[in-house]
Amino acid sequence: MDFKNKVVLITGASSGIGRETAIEFAKLGANIILVARRKDKLELVANELKQFDISTLVCQCDVSKKDQVKEMSKTVLEKFDSVDILVNNAGFAIYGSVSDLSIDEIESQMETNYFGMIYCIKNFLPSMLEKKSGHIVNVASVAASFGLPGIASYCASKFAMLGFSEGLKHELKNTGVGITVVSPIMVRTDFFDHHSFEKMPKYSPTSLSSKTVAKAILKAANSPRLEIIVPSIVRVAVWMKNTFPYFINPILGKSFKKQLDSTKD
Ligand SMILES: NC(=O)c1ccc[n+]([C@@H]2O[C@H](COP(=O)([O-])OP(=O)(O)OC[C@H]3O[C@@H](n4cnc5c(N)ncnc54)[C@H](OP(=O)(O)O)[C@@H]3O)[C@@H](O)[C@H]2O)c1
């Protein structure tokens, strides 16, 4: 797909995967709307994008607050008539067992990761449908396919994202608007800076760069597929889990539970 002059909105653009995705789209001449809560970080990304001949708009917005998303979408749609590609990437996790996490901590992950995506889709989908074109890319995780100890509520938010996207994909058939979920394994970003991950090993040797995931997001923006798992070999593990749940689930569960127990020592 030719992304030149397309309008791309990225939530969670102030760091990690979102920032890298903004750079990759900008390289191809797309106009970029950067959305996140930390305005200073967004301004830094906008400065980096100045080297490309594109328009950039910085929008400070907490996607978990539906009034803020509505206000942000008004600003965006006043400047650009519609958004061609909506990347719902804002998200975070709080590590800990369900017994140790508070209800507020569990809710907050759902509010940003799941409802934040819903609020953005509800505000930008109408103009996409009117134009009969556009693509939504939802950044989930392999945690959308595996319920894991220590991140149960994060997994739930990503399962929800995948289920919602699958349902919406059927509804969007023949409308000209597409939707694809990108599900990476561990990525080297600030994601693990949350204090709850303090006692965890920082990254596994197989963890990805945010550039690898950004490239998958660009591919997803023009894909007829429901889900792109990064790296694609992990599809085998998802297939194994769905086909032989009694085999793969205990292995994964045991290893993640061991890690969870070790952080309590
Ligand atoms: N890193 C991984 O291993 C990994 C693996 C699979 C999937 N993912 C997913 O990838 C996405 C991006 O994460 P990342 O790895 O790039 O982590 P990151 O570097 O921590 O980036 C997270 C981004 O989300 C934004 N954000 C968080 N809460 C927000 C809110 N309420 N409203 C608006 N923006 C919000 C943050 O910006 P502000 O703080 O400025 O708001 C930041 O820009 C997440 O959805 C995550 O679940 C990550």
# chains A, B, ... in the order shown; residues from 1 in each chain; ligands from 1
call {"tool": "residues_around", "arguments": {"residues": "region 222-232 of chain A", "least_positions_apart": "2", "cutoff": "9 Å", "atoms": "only C-alpha atoms", "output": "ChimeraX atom specification"}}
result
/A:1,135,141-142,162,165-166,169,178-185,208,212-213,216-220,234-236
call {"tool": "residues_near_ligand", "arguments": {"ligand": "ligand 1", "cutoff": "8 Å", "atoms": "only C-alpha atoms and all ligand atoms", "output": "count of residues only"}}
result
53
call {"tool": "select_by_dssp", "arguments": {"residues": "region 179-255 of chain A", "states": "strand (DSSP E)", "output": "list in words"}}
result
Ile179, Thr180, Val181, Val182, Ser183, Pro184, Glu227, Ile228, Ile229 and Val230 of chain A
call {"tool": "write_last_selection", "arguments": {"atoms": "N, CA and C atoms", "output": "mmCIF file, in the first residue's frame"}}
result
data_model
loop_
_atom_site.group_PDB
_atom_site.id
_atom_site.type_symbol
_atom_site.label_atom_id
_atom_site.label_comp_id
_atom_site.auth_asym_id
_atom_site.auth_seq_id
_atom_site.Cartn_x
_atom_site.Cartn_y
_atom_site.Cartn_z
ATOM 1 N N ILE A 179 -9.788 -4.481 9.562
ATOM 2 C CA ILE A 179 -9.276 -4.506 10.945
ATOM 3 C C ILE A 179 -8.341 -5.703 11.118
ATOM 4 N N THR A 180 -7.191 -5.448 11.720
ATOM 5 C CA THR A 180 -6.194 -6.512 11.936
ATOM 6 C C THR A 180 -5.563 -6.330 13.307
ATOM 7 N N VAL A 181 -5.360 -7.432 13.993
ATOM 8 C CA VAL A 181 -4.716 -7.414 15.309
ATOM 9 C C VAL A 181 -3.247 -7.825 15.134
ATOM 10 N N VAL A 182 -2.354 -7.100 15.796
ATOM 11 C CA VAL A 182 -0.932 -7.479 15.792
ATOM 12 C C VAL A 182 -0.600 -7.991 17.194
ATOM 13 N N SER A 183 -0.115 -9.221 17.261
ATOM 14 C CA SER A 183 0.147 -9.862 18.554
ATOM 15 C C SER A 183 1.612 -10.273 18.694
ATOM 16 N N PRO A 184 2.420 -9.398 19.292
ATOM 17 C CA PRO A 184 3.836 -9.758 19.465
ATOM 18 C C PRO A 184 4.111 -10.526 20.748
ATOM 19 N N GLU A 227 -5.390 -11.637 12.405
ATOM 20 C CA GLU A 227 -4.316 -11.513 13.394
ATOM 21 C C GLU A 227 -2.961 -11.821 12.776
ATOM 22 N N ILE A 228 -2.006 -10.960 13.082
ATOM 23 C CA ILE A 228 -0.619 -11.220 12.677
ATOM 24 C C ILE A 228 0.171 -11.416 13.965
ATOM 25 N N ILE A 229 0.695 -12.622 14.150
ATOM 26 C CA ILE A 229 1.495 -12.915 15.346
ATOM 27 C C ILE A 229 2.958 -12.672 15.000
ATOM 28 N N VAL A 230 3.671 -12.003 15.905
ATOM 29 C CA VAL A 230 5.077 -11.662 15.642
ATOM 30 C C VAL A 230 5.958 -12.281 16.728
#
call {"tool": "residues_around", "arguments": {"residues": "Ser127 (chain A)", "least_positions_apart": "3", "cutoff": "8 Å", "atoms": "only C-alpha atoms", "output": "number ranges by chain"}}
result
A: 81-83, 124, 130-131
call {"tool": "write_last_selection", "arguments": {"atoms": "N, CA and C atoms", "output": "mmCIF file, in the first residue's frame"}}
result
data_model
loop_
_atom_site.group_PDB
_atom_site.id
_atom_site.type_symbol
_atom_site.label_atom_id
_atom_site.label_comp_id
_atom_site.auth_asym_id
_atom_site.auth_seq_id
_atom_site.Cartn_x
_atom_site.Cartn_y
_atom_site.Cartn_z
ATOM 1 N N ASP A 81 -9.943 15.390 7.584
ATOM 2 C CA ASP A 81 -11.365 15.006 7.456
ATOM 3 C C ASP A 81 -11.651 13.641 8.053
ATOM 4 N N SER A 82 -10.686 12.745 7.906
ATOM 5 C CA SER A 82 -10.851 11.419 8.503
ATOM 6 C C SER A 82 -9.475 10.818 8.735
ATOM 7 N N VAL A 83 -9.487 9.711 9.437
ATOM 8 C CA VAL A 83 -8.233 8.997 9.688
ATOM 9 C C VAL A 83 -8.220 7.784 8.770
ATOM 10 N N PHE A 124 -13.728 7.170 15.540
ATOM 11 C CA PHE A 124 -13.139 7.320 14.205
ATOM 12 C C PHE A 124 -13.772 6.416 13.143
ATOM 13 N N GLU A 130 -17.993 6.219 6.228
ATOM 14 C CA GLU A 130 -18.519 7.192 5.268
ATOM 15 C C GLU A 130 -17.639 7.244 4.029
ATOM 16 N N LYS A 131 -16.311 7.191 4.246
ATOM 17 C CA LYS A 131 -15.355 7.237 3.126
ATOM 18 C C LYS A 131 -15.210 5.883 2.429
#
call {"tool": "closest_residue", "arguments": {"among": "A:Leu148, A:Val238, A:Met110, A:Ala221", "to": "Lys6 (chain A)", "atoms": "only C-alpha atoms"}}
result
A:Ala221
call {"tool": "closest_residue", "arguments": {"among": "A:Asp104, A:Lys66, A:Gln259, A:Gly147", "to": "Lys122 (chain A)", "atoms": "only C-alpha atoms"}}
result
A:Lys66
call {"tool": "residues_around", "arguments": {"residues": "region 250-256 of chain A", "least_positions_apart": "2", "cutoff": "8 Å", "atoms": "only C-alpha atoms", "output": "ChimeraX atom specification"}}
result
/A:148-150,246-248,258-260
call {"tool": "write_last_selection", "arguments": {"atoms": "N, CA and C atoms", "output": "PDB file, in the first residue's frame"}}
result
ATOM      1  N   LEU A 148      -2.128 -16.407  31.402  1.00  0.00           N
ATOM      2  CA  LEU A 148      -0.899 -16.741  32.119  1.00  0.00           C
ATOM      3  C   LEU A 148      -0.899 -16.219  33.561  1.00  0.00           C
ATOM      4  N   PRO A 149      -0.367 -17.021  34.515  1.00  0.00           N
ATOM      5  CA  PRO A 149      -0.289 -16.563  35.896  1.00  0.00           C
ATOM      6  C   PRO A 149       0.618 -15.335  36.005  1.00  0.00           C
ATOM      7  N   GLY A 150       0.198 -14.367  36.807  1.00  0.00           N
ATOM      8  CA  GLY A 150       0.997 -13.140  36.995  1.00  0.00           C
ATOM      9  C   GLY A 150       0.505 -11.995  36.136  1.00  0.00           C
ATOM     10  N   TYR A 246      -4.416 -29.757  26.635  1.00  0.00           N
ATOM     11  CA  TYR A 246      -3.987 -30.487  27.834  1.00  0.00           C
ATOM     12  C   TYR A 246      -2.488 -30.725  27.844  1.00  0.00           C
ATOM     13  N   PHE A 247      -1.847 -30.477  26.699  1.00  0.00           N
ATOM     14  CA  PHE A 247      -0.413 -30.683  26.610  1.00  0.00           C
ATOM     15  C   PHE A 247       0.334 -29.376  26.878  1.00  0.00           C
ATOM     16  N   ILE A 248      -0.026 -28.327  26.126  1.00  0.00           N
ATOM     17  CA  ILE A 248       0.765 -27.089  26.171  1.00  0.00           C
ATOM     18  C   ILE A 248       0.427 -26.215  27.389  1.00  0.00           C
ATOM     19  N   LYS A 258       5.981 -20.590  38.307  1.00  0.00           N
ATOM     20  CA  LYS A 258       7.270 -20.678  39.007  1.00  0.00           C
ATOM     21  C   LYS A 258       7.876 -19.271  39.115  1.00  0.00           C
ATOM     22  N   GLN A 259       7.773 -18.533  38.015  1.00  0.00           N
ATOM     23  CA  GLN A 259       8.304 -17.169  37.997  1.00  0.00           C
ATOM     24  C   GLN A 259       7.528 -16.273  38.979  1.00  0.00           C
ATOM     25  N   LEU A 260       6.213 -16.423  38.974  1.00  0.00           N
ATOM     26  CA  LEU A 260       5.372 -15.618  39.875  1.00  0.00           C
ATOM     27  C   LEU A 260       5.733 -15.917  41.324  1.00  0.00           C
TER      28      LEU A 260
END
call {"tool": "residues_around", "arguments": {"residues": "Thr175 (chain A)", "least_positions_apart": "4", "cutoff": "8 Å", "atoms": "only C-alpha atoms", "output": "list in words"}}
result
Leu129, Lys132 and Ser133 of chain A
call {"tool": "closest_residue", "arguments": {"among": "A:Phe52, A:Tyr95, A:Trp239, A:Tyr119", "to": "Leu28 (chain A)", "atoms": "only C-alpha atoms"}}
result
A:Phe52
call {"tool": "atom_distance", "arguments": {"atom1": "CA of Lys74 (chain A)", "atom2": "CA of Leu9 (chain A)"}}
result
13.2 Å
call {"tool": "atom_distance", "arguments": {"atom1": "CA of Asp40 (chain A)", "atom2": "CA of Ile85 (chain A)"}}
result
24.0 Å
call {"tool": "select_by_dssp", "arguments": {"residues": "region 93-137 of chain A", "states": "alpha helix (DSSP H)", "output": "PyMOL selection string"}}
result
chain A and resi 103-110+116-131
